[in-house]
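Data block for input_22.txt (compact mmCIF, C-alpha atoms and all ligand atoms):
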```
# COMPACT_ATOMS: atom_id res chain seq x y z
CA MET A 28 0.00 0.00 0.00
CA ARG A 29 1.17 3.53 -0.81
CA VAL A 30 -0.07 6.46 1.24
CA VAL A 31 0.83 10.09 0.57
CA LEU A 32 1.17 12.04 3.83
CA VAL A 33 0.45 15.77 3.59
CA GLY A 34 1.37 18.04 6.51
CA ALA A 35 3.92 15.37 7.38
CA ASN A 36 6.21 17.58 9.47
CA GLY A 37 3.59 18.51 12.08
CA MET A 38 2.95 16.77 15.40
CA LEU A 39 0.61 14.07 14.08
CA GLY A 40 2.32 13.85 10.67
CA THR A 41 5.64 13.01 12.29
CA ASP A 42 4.10 10.16 14.32
CA LEU A 43 2.28 8.94 11.23
CA LYS A 44 5.55 8.83 9.27
CA GLU A 45 7.04 6.70 12.04
CA ALA A 46 3.98 4.41 12.19
CA CYS A 47 4.11 3.90 8.40
CA ALA A 48 7.82 3.08 8.57
CA ARG A 49 7.16 0.58 11.39
CA GLU A 50 4.37 -1.13 9.46
CA GLY A 51 6.17 -1.16 6.11
CA VAL A 52 3.71 1.23 4.46
CA ASP A 53 5.27 3.18 1.58
CA ALA A 54 4.52 6.77 2.60
CA PRO A 55 5.97 9.73 0.70
CA ALA A 56 5.94 12.54 3.29
CA LEU A 57 5.20 16.08 2.10
CA ASP A 58 4.77 19.48 3.71
CA LEU A 59 5.32 23.16 3.07
CA PRO A 60 7.10 24.54 1.09
CA ASP A 61 7.13 21.57 -1.34
CA VAL A 62 3.38 21.01 -1.17
CA ASP A 63 0.86 23.75 -0.38
CA ILE A 64 -2.73 22.50 -0.13
CA THR A 65 -4.04 26.00 -0.82
CA ARG A 66 -2.51 25.89 -4.34
CA PRO A 67 -4.80 23.55 -6.32
CA GLU A 68 -3.05 24.25 -9.62
CA ARG A 69 0.15 22.65 -8.28
CA LEU A 70 -1.25 19.69 -6.36
CA GLN A 71 -1.72 17.44 -9.38
CA ARG A 72 2.00 17.80 -10.13
CA ASP A 73 3.28 17.80 -6.54
CA LEU A 74 1.37 14.82 -5.12
CA PRO A 75 2.58 11.41 -6.35
CA GLU A 76 0.18 8.63 -7.28
CA ALA A 77 -0.92 6.53 -4.29
CA ASP A 78 -3.69 4.36 -2.84
CA TRP A 79 -4.62 7.02 -0.26
CA ILE A 80 -3.92 10.63 0.61
CA ILE A 81 -3.82 11.37 4.34
CA ASN A 82 -4.16 15.05 5.18
CA CYS A 83 -2.56 16.15 8.45
CA ALA A 84 -1.99 19.69 7.16
CA ALA A 85 -3.95 22.36 8.98
CA TYR A 86 -3.97 25.81 10.47
CA THR A 87 -3.95 24.83 14.16
CA ARG A 88 -3.35 28.12 16.00
CA VAL A 89 -6.85 28.23 17.47
CA ASP A 90 -6.60 31.64 19.14
CA ASP A 91 -4.78 33.36 16.25
CA ALA A 92 -7.52 32.16 13.92
CA GLU A 93 -10.00 34.57 15.56
CA THR A 94 -8.15 37.46 13.87
CA ASP A 95 -6.77 35.53 10.87
CA ARG A 96 -9.96 34.06 9.46
CA GLU A 97 -8.94 34.23 5.82
CA THR A 98 -5.72 32.22 6.19
CA CYS A 99 -7.40 29.77 8.53
CA PHE A 100 -10.22 29.07 6.04
CA ALA A 101 -7.76 28.87 3.13
CA VAL A 102 -5.85 26.04 4.86
CA ASN A 103 -8.66 24.28 6.76
CA ALA A 104 -11.55 24.59 4.29
CA GLU A 105 -10.14 25.29 0.79
CA GLY A 106 -7.12 23.00 1.35
CA PRO A 107 -9.22 19.86 2.05
CA ARG A 108 -11.51 20.81 -0.85
CA ASN A 109 -8.51 20.89 -3.20
CA LEU A 110 -7.24 17.54 -1.95
CA ALA A 111 -10.71 15.97 -2.17
CA ARG A 112 -11.16 17.14 -5.77
CA LEU A 113 -7.80 15.64 -6.67
CA CYS A 114 -8.79 12.37 -4.96
CA ALA A 115 -12.09 12.37 -6.87
CA LYS A 116 -10.21 12.84 -10.13
CA ARG A 117 -7.80 10.03 -9.29
CA GLY A 118 -10.51 7.77 -7.85
CA ILE A 119 -8.65 7.32 -4.54
CA PRO A 120 -9.83 7.91 -0.98
CA LEU A 121 -8.88 10.83 1.28
CA LEU A 122 -8.32 10.40 5.02
CA HIS A 123 -8.71 13.81 6.64
CA ILE A 124 -8.30 14.82 10.28
CA SER A 125 -10.97 16.97 11.92
CA THR A 126 -11.78 18.07 15.44
CA ASP A 127 -14.17 18.03 18.39
CA TYR A 128 -14.30 21.83 17.99
CA VAL A 129 -17.03 21.33 15.35
CA PHE A 130 -19.28 20.82 18.43
CA ASP A 131 -20.32 23.41 21.01
CA GLY A 132 -19.80 21.17 24.04
CA THR A 133 -23.29 21.52 25.49
CA LYS A 134 -24.25 17.83 25.17
CA ASN A 135 -24.21 15.89 28.43
CA THR A 136 -23.28 12.57 26.84
CA PRO A 137 -20.48 11.71 24.37
CA TYR A 138 -20.85 13.15 20.87
CA GLN A 139 -21.70 10.70 18.10
CA GLU A 140 -20.65 11.28 14.50
CA ASP A 141 -24.12 12.33 13.33
CA ASP A 142 -24.86 14.75 16.18
CA PRO A 143 -25.62 18.33 15.10
CA THR A 144 -22.54 20.48 14.80
CA HIS A 145 -22.17 24.03 16.10
CA ALA A 146 -18.66 25.44 16.16
CA LEU A 147 -17.83 28.13 18.72
CA SER A 148 -14.64 29.45 17.12
CA VAL A 149 -13.26 30.46 13.72
CA TYR A 150 -10.98 27.41 13.84
CA GLY A 151 -13.97 25.14 14.52
CA GLU A 152 -15.99 26.77 11.73
CA SER A 153 -13.10 26.35 9.30
CA LYS A 154 -12.67 22.66 10.15
CA LEU A 155 -16.42 22.12 9.72
CA ALA A 156 -16.27 23.86 6.35
CA GLY A 157 -13.39 21.50 5.45
CA GLU A 158 -15.51 18.47 6.35
CA ARG A 159 -18.37 19.72 4.17
CA ALA A 160 -16.07 20.52 1.26
CA ILE A 161 -14.78 16.94 1.30
CA GLN A 162 -18.31 15.53 1.46
CA ASP A 163 -19.29 17.67 -1.55
CA ALA A 164 -16.27 16.80 -3.68
CA GLY A 165 -17.39 13.29 -4.58
CA CYS A 166 -14.32 11.31 -3.50
CA PRO A 167 -14.39 8.35 -1.13
CA TYR A 168 -13.35 9.69 2.29
CA ILE A 169 -12.80 9.07 5.96
CA ILE A 170 -12.99 12.12 8.21
CA ALA A 171 -11.40 11.18 11.54
CA ARG A 172 -12.34 13.68 14.24
CA THR A 173 -9.92 13.80 17.12
CA GLN A 174 -9.26 16.03 20.15
CA SER A 175 -6.73 17.41 22.64
CA LEU A 176 -3.68 15.89 21.02
CA PHE A 177 -0.37 15.59 22.83
CA GLY A 178 2.73 14.43 21.04
CA LEU A 179 6.50 14.42 21.19
CA HIS A 180 6.83 16.61 18.13
CA GLY A 181 4.83 19.68 19.09
CA PRO A 182 3.78 21.86 22.00
CA SER A 183 1.66 19.97 24.49
CA PHE A 184 -0.18 20.37 27.78
CA ILE A 185 2.10 17.75 29.34
CA LYS A 186 5.24 19.65 28.38
CA SER A 187 3.71 22.85 29.79
CA ILE A 188 2.87 21.18 33.11
CA MET A 189 6.40 19.74 33.36
CA ARG A 190 7.88 23.15 32.56
CA PHE A 191 5.75 24.91 35.18
CA ILE A 192 6.97 22.39 37.78
CA THR A 193 10.62 22.89 36.75
CA GLU A 194 10.18 26.67 36.92
CA GLY A 195 8.61 26.39 40.39
CA LYS A 196 5.26 27.79 39.26
CA VAL A 197 3.38 25.81 41.89
CA PRO A 198 0.77 25.12 43.07
CA LEU A 199 -0.49 24.51 39.56
CA LYS A 200 -3.86 26.12 38.82
CA VAL A 201 -5.63 24.07 36.16
CA VAL A 202 -9.00 24.36 34.45
CA GLN A 203 -11.65 21.98 35.79
CA ASP A 204 -14.71 22.93 33.73
CA GLN A 205 -13.52 21.70 30.33
CA VAL A 206 -13.78 17.96 29.76
CA SER A 207 -12.40 16.03 26.78
CA CYS A 208 -10.38 12.95 25.85
CA PRO A 209 -6.67 13.86 25.72
CA THR A 210 -5.14 11.73 23.00
CA TRP A 211 -1.55 10.69 22.34
CA SER A 212 -0.74 11.41 18.70
CA GLY A 213 1.17 8.10 18.56
CA HIS A 214 -2.04 6.20 19.36
CA LEU A 215 -3.93 8.29 16.81
CA ALA A 216 -1.36 7.50 14.12
CA ASP A 217 -1.84 3.77 14.77
CA ALA A 218 -5.62 4.21 14.64
CA LEU A 219 -5.47 6.05 11.31
CA LEU A 220 -3.46 3.22 9.77
CA ARG A 221 -6.07 0.75 11.02
CA LEU A 222 -8.75 2.83 9.29
CA VAL A 223 -7.06 2.84 5.88
CA HIS A 224 -7.09 -0.94 6.00
CA THR A 225 -10.89 -1.07 6.39
CA GLU A 226 -13.55 -0.74 3.70
CA HIS A 227 -15.55 1.76 5.77
CA ARG A 228 -16.03 5.37 4.64
CA GLY A 229 -17.56 8.38 6.38
CA ILE A 230 -16.99 10.30 9.61
CA VAL A 231 -15.49 8.49 12.60
CA HIS A 232 -14.44 9.63 16.06
CA THR A 233 -10.88 8.75 17.01
CA SER A 234 -9.71 9.82 20.45
CA SER A 235 -8.79 8.21 23.74
CA GLU A 236 -11.28 6.16 25.71
CA GLY A 237 -12.40 7.72 28.98
CA ALA A 238 -12.76 11.41 29.71
CA CYS A 239 -11.18 13.93 32.04
CA SER A 240 -10.91 17.62 32.78
CA TRP A 241 -7.59 19.43 32.30
CA PHE A 242 -7.38 19.43 36.12
CA ASP A 243 -7.76 15.61 36.24
CA PHE A 244 -5.19 15.31 33.46
CA ALA A 245 -2.70 17.57 35.27
CA ARG A 246 -3.09 15.53 38.46
CA ALA A 247 -2.38 12.32 36.52
CA ILE A 248 0.74 13.91 35.02
CA VAL A 249 1.94 15.13 38.41
CA ASP A 250 1.34 11.70 39.97
CA ARG A 251 3.65 10.21 37.36
CA VAL A 252 6.42 12.84 37.10
CA GLN A 253 6.53 14.75 40.42
CA PRO A 254 4.19 13.31 43.07
CA GLY A 255 3.37 15.78 45.79
CA VAL A 256 3.10 18.90 43.64
CA GLU A 257 -0.17 20.62 44.51
CA VAL A 258 -2.75 21.04 41.73
CA LEU A 259 -5.71 23.38 42.28
CA PRO A 260 -8.92 23.33 40.20
CA VAL A 261 -9.93 26.67 38.64
CA PRO A 262 -12.66 27.75 36.20
CA ALA A 263 -11.68 28.41 32.54
CA SER A 264 -12.95 31.96 33.00
CA ILE A 265 -9.79 32.92 34.93
CA TYR A 266 -7.69 32.32 31.81
CA PRO A 267 -9.59 34.31 29.15
CA ARG A 268 -8.58 33.38 25.58
CA PRO A 269 -9.64 34.80 22.21
CA ALA A 270 -11.31 31.57 20.98
CA ARG A 271 -14.18 29.89 22.85
CA ARG A 272 -13.68 26.18 23.59
CA PRO A 273 -16.41 23.54 24.10
CA ALA A 274 -16.98 22.72 27.77
CA ASN A 275 -17.70 19.03 27.23
CA SER A 276 -16.58 17.57 23.93
CA VAL A 277 -16.10 13.89 24.74
CA LEU A 278 -16.31 11.92 21.47
CA ASP A 279 -18.08 8.54 21.32
CA LYS A 280 -15.80 5.86 19.83
CA THR A 281 -18.39 3.12 19.23
CA ARG A 282 -18.14 3.46 15.44
CA TYR A 283 -14.33 3.31 15.50
CA ALA A 284 -14.49 0.09 17.52
CA GLN A 285 -17.04 -1.39 15.09
CA TRP A 286 -15.05 -0.43 12.01
CA THR A 287 -11.68 -1.66 13.25
CA ALA A 288 -12.54 -4.30 15.89
CA HIS A 289 -10.14 -2.35 18.09
CA ARG A 290 -10.57 -0.38 21.30
CA PHE A 291 -8.89 3.02 21.23
CA PRO A 292 -6.47 3.12 24.23
CA SER A 293 -7.51 5.20 27.24
CA TRP A 294 -6.06 8.65 27.97
CA GLN A 295 -4.15 7.12 30.92
CA GLU A 296 -2.59 4.56 28.55
CA GLY A 297 -1.80 7.42 26.17
CA LEU A 298 -0.12 9.41 28.94
CA ASP A 299 1.97 6.39 30.01
CA ALA A 300 2.97 5.64 26.41
CA TYR A 301 3.90 9.28 25.83
CA LEU A 302 6.06 9.45 28.99
CA GLU A 303 7.72 6.16 28.06
CA ALA A 304 8.49 7.51 24.57
CA LEU A 305 9.74 10.78 26.09
CA ASN A 306 12.18 8.84 28.28
CA HIS A 307 13.74 7.50 25.11
CA THR A 308 14.31 10.96 23.64
CA SER A 309 16.40 13.93 24.79
CA PRO A 310 15.12 16.01 27.73
CA ILE A 311 12.65 18.78 26.82
N1 LIG A 401 -3.36 19.43 18.03
C1 LIG A 401 -4.57 19.14 18.50
O1 LIG A 401 -4.82 19.18 19.71
C2 LIG A 401 -5.68 18.76 17.55
C3 LIG A 401 -6.96 18.48 18.10
C4 LIG A 401 -7.99 18.11 17.21
C5 LIG A 401 -7.74 18.01 15.85
N2 LIG A 401 -6.47 18.28 15.38
C6 LIG A 401 -6.26 18.15 13.93
O2 LIG A 401 -5.25 17.18 13.73
C7 LIG A 401 -4.50 17.47 12.56
C8 LIG A 401 -3.01 17.46 12.87
O3 LIG A 401 -2.76 18.44 13.88
P1 LIG A 401 -1.28 18.75 14.41
O4 LIG A 401 -1.43 19.21 15.83
O5 LIG A 401 -0.36 17.64 14.07
O6 LIG A 401 -0.94 20.05 13.52
P2 LIG A 401 0.46 20.78 13.33
O7 LIG A 401 1.49 20.24 14.25
O8 LIG A 401 0.16 22.26 13.37
O9 LIG A 401 0.88 20.36 11.85
C9 LIG A 401 0.24 20.86 10.72
C10 LIG A 401 1.22 20.77 9.57
O10 LIG A 401 0.55 21.28 8.40
C11 LIG A 401 1.46 22.14 7.75
N3 LIG A 401 0.72 23.09 6.90
C12 LIG A 401 0.13 24.25 7.26
N4 LIG A 401 -0.39 24.86 6.19
C13 LIG A 401 -0.15 24.05 5.12
C14 LIG A 401 -0.42 24.17 3.74
N5 LIG A 401 -1.06 25.23 3.22
N6 LIG A 401 -0.04 23.15 2.92
C15 LIG A 401 0.64 22.08 3.42
N7 LIG A 401 0.96 21.95 4.72
C16 LIG A 401 0.57 22.92 5.57
C17 LIG A 401 2.18 22.83 8.87
O11 LIG A 401 3.35 23.47 8.41
P3 LIG A 401 3.86 24.80 9.19
O12 LIG A 401 4.19 24.35 10.58
O13 LIG A 401 5.06 25.22 8.39
O14 LIG A 401 2.72 25.78 9.15
C18 LIG A 401 2.47 21.64 9.79
O15 LIG A 401 3.63 20.94 9.39
C19 LIG A 401 -5.04 18.81 12.06
O16 LIG A 401 -6.01 18.58 11.08
C20 LIG A 401 -5.72 19.41 13.28
O17 LIG A 401 -6.76 20.31 12.92
C21 LIG A 401 -5.45 18.64 16.20
```

Target encoding structure tokens, full file:
Amino acid sequence: MRVVLVGANGMLGTDLKEACAREGVDAPALDLPDVDITRPERLQRDLPEADWIINCAAYTRVDDAETDRETCFAVNAEGPRNLARLCAKRGIPLLHISTDYVFDGTKNTPYQEDDPTHALSVYGESKLAGERAIQDAGCPYIIARTQSLFGLHGPSFIKSIMRFITEGKVPLKVVQDQVSCPTWSGHLADALLRLVHTEHRGIVHTSSEGACSWFDFARAIVDRVQPGVEVLPVPASIYPRPARRPANSVLDKTRYAQWTAHRFPSWQEGLDAYLEALNHTSPI
């Protein structure tokens, strides 16, 4: 199998490159400046033939997007449209990554794939527009929504918590009223490769099993890296940010389990796997 990876130098893209190498999947890895998904006239030439295109490219600066709507939509809505049209022309499927931020977080139970969407931020709106552009383009597709990624190859909540501890910024004050499923990008990369080996197409939720607040997550990190550090719960309102976030955006993974016959690992397993992988790399 040959899979073209776009946005391959980002946090998820880097883990996906490694997962493909491990599994013997031929995966040409492309990113800016060689491939720009906002330039449709060049994609036909710049993207090699393959069995799948996996799009990890995105505008991911959620707060900046509030004042940079045009660029955000160019990358997150027009970019996927361009890739989907190319896939339709070539008759190959597109695997695209989307987000829990397409939801407003007011549901009291986990979000299923067909639940009504209502994005609260420009980033969320742009990702939703990207989903719809793919659905309209006429190519076979999987849209894998994920959430709260942490990885070795990008900024992450875990790295921030560890840095605050090192800098003596304790007790830690961490948001308690936002609940999600923090997901290790290494586990997501494995899950995406499982999906390209299935015959299923459509939207699927791919994030850790279980759910926790950022406060719960910080306590779990502290327990593992520096037991005894005090963690205090605070409301999100004390850290005002330009973009609104959903309060409760837990994604339901029933469909993923049905499609792949695999249980997505829990966030605690993700945290342990991340820390184990971190121990095998240089200090932050
Ligand atoms: N991180 C999360 O918590 C999270 C949560 C939910 C969903 N997601 C989704 O998961 C996917 C992967 O996220 P990530 O955190 O791995 O993102 P990331 O680290 O920001 O990586 C995105 C990559 O895309 C590249 N890129 C940006 N514009 C491009 C363009 N026009 N053409 C080609 N490549 C371009 C970026 O290059 P530059 O760095 O040079 O701009 C970067 O290498 C995204 O679709 C994101 O929306 C992420």

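For the residues A:Arg228, A:Arg272, A:His145, A:Lys116, ranking by smallest atom-to-atom distance to ligand LIG 401 (chain A) using only C-alpha atoms and all ligand atoms places A:Arg272 first.
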
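The coordinates place atom CA of A:Ile64 at 11.9 Å from atom O13 of ligand LIG 401 (chain A).
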
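In terms of minimum interatomic distance to A:Asp63, A:Leu110 ranks closest within A:Val89, A:Leu110, A:Ala270, A:Val258, counting all atoms listed in the file.
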
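The residue that comes closest to ligand LIG 401 (chain A), out of A:Val33, A:Cys166, A:Ala218, A:Leu70 and on the basis of only C-alpha atoms and all ligand atoms, is A:Val33.
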
Taking all atoms listed in the file into account, which residues are within 6 Å of ligand LIG 401 (chain A), as a ChimeraX atom specification?
-> /A:34-40,58-59,62-65,83-87,102,124-126,173-176,181

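Summary of the local environment: counting all atoms listed in the file, residues at most 12 Å from stretch 262-269 of chain A, other than itself and those fewer than 6 positions away along its chain, are Arg88, Val89, Asp90, Asp91, Ala92, Glu93, Thr94, Asp95, Leu147, Ser148, Val149, Tyr150, Lys200, Val201, Val202, Gln203, Asp204, Gln205, Val206, Ser240, Trp241 and Phe242 of chain A.
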
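Of the residues under consideration (A:Pro137, A:Gly213, A:Pro60, A:Pro55), A:Pro137 shows the shortest atom-to-atom contact distance to A:Leu278 when counting only C-alpha atoms.
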
Skip A:Ser235 itself and residues of its chain fewer than 2 positions away, then list as a ChimeraX atom specification all residues within 12 Å of it, counting all atoms listed in the file.
-> /A:172-177,207-215,218,232-233,237-239,277-281,283-284,290-298

Restricting it to C-alpha atoms, dump the selection as a PDB file, keeping the file's coordinate frame.
```pdb
ATOM      1  CA  ARG A 172     -12.340  13.680  14.240  1.00  0.00           C
ATOM      2  CA  THR A 173      -9.920  13.800  17.120  1.00  0.00           C
ATOM      3  CA  GLN A 174      -9.260  16.030  20.150  1.00  0.00           C
ATOM      4  CA  SER A 175      -6.730  17.410  22.640  1.00  0.00           C
ATOM      5  CA  LEU A 176      -3.680  15.890  21.020  1.00  0.00           C
ATOM      6  CA  PHE A 177      -0.370  15.590  22.830  1.00  0.00           C
ATOM      7  CA  SER A 207     -12.400  16.030  26.780  1.00  0.00           C
ATOM      8  CA  CYS A 208     -10.380  12.950  25.850  1.00  0.00           C
ATOM      9  CA  PRO A 209      -6.670  13.860  25.720  1.00  0.00           C
ATOM     10  CA  THR A 210      -5.140  11.730  23.000  1.00  0.00           C
ATOM     11  CA  TRP A 211      -1.550  10.690  22.340  1.00  0.00           C
ATOM     12  CA  SER A 212      -0.740  11.410  18.700  1.00  0.00           C
ATOM     13  CA  GLY A 213       1.170   8.100  18.560  1.00  0.00           C
ATOM     14  CA  HIS A 214      -2.040   6.200  19.360  1.00  0.00           C
ATOM     15  CA  LEU A 215      -3.930   8.290  16.810  1.00  0.00           C
ATOM     16  CA  ALA A 218      -5.620   4.210  14.640  1.00  0.00           C
ATOM     17  CA  HIS A 232     -14.440   9.630  16.060  1.00  0.00           C
ATOM     18  CA  THR A 233     -10.880   8.750  17.010  1.00  0.00           C
ATOM     19  CA  GLY A 237     -12.400   7.720  28.980  1.00  0.00           C
ATOM     20  CA  ALA A 238     -12.760  11.410  29.710  1.00  0.00           C
ATOM     21  CA  CYS A 239     -11.180  13.930  32.040  1.00  0.00           C
ATOM     22  CA  VAL A 277     -16.100  13.890  24.740  1.00  0.00           C
ATOM     23  CA  LEU A 278     -16.310  11.920  21.470  1.00  0.00           C
ATOM     24  CA  ASP A 279     -18.080   8.540  21.320  1.00  0.00           C
ATOM     25  CA  LYS A 280     -15.800   5.860  19.830  1.00  0.00           C
ATOM     26  CA  THR A 281     -18.390   3.120  19.230  1.00  0.00           C
ATOM     27  CA  TYR A 283     -14.330   3.310  15.500  1.00  0.00           C
ATOM     28  CA  ALA A 284     -14.490   0.090  17.520  1.00  0.00           C
ATOM     29  CA  ARG A 290     -10.570  -0.380  21.300  1.00  0.00           C
ATOM     30  CA  PHE A 291      -8.890   3.020  21.230  1.00  0.00           C
ATOM     31  CA  PRO A 292      -6.470   3.120  24.230  1.00  0.00           C
ATOM     32  CA  SER A 293      -7.510   5.200  27.240  1.00  0.00           C
ATOM     33  CA  TRP A 294      -6.060   8.650  27.970  1.00  0.00           C
ATOM     34  CA  GLN A 295      -4.150   7.120  30.920  1.00  0.00           C
ATOM     35  CA  GLU A 296      -2.590   4.560  28.550  1.00  0.00           C
ATOM     36  CA  GLY A 297      -1.800   7.420  26.170  1.00  0.00           C
ATOM     37  CA  LEU A 298      -0.120   9.410  28.940  1.00  0.00           C
TER      38      LEU A 298
END
```
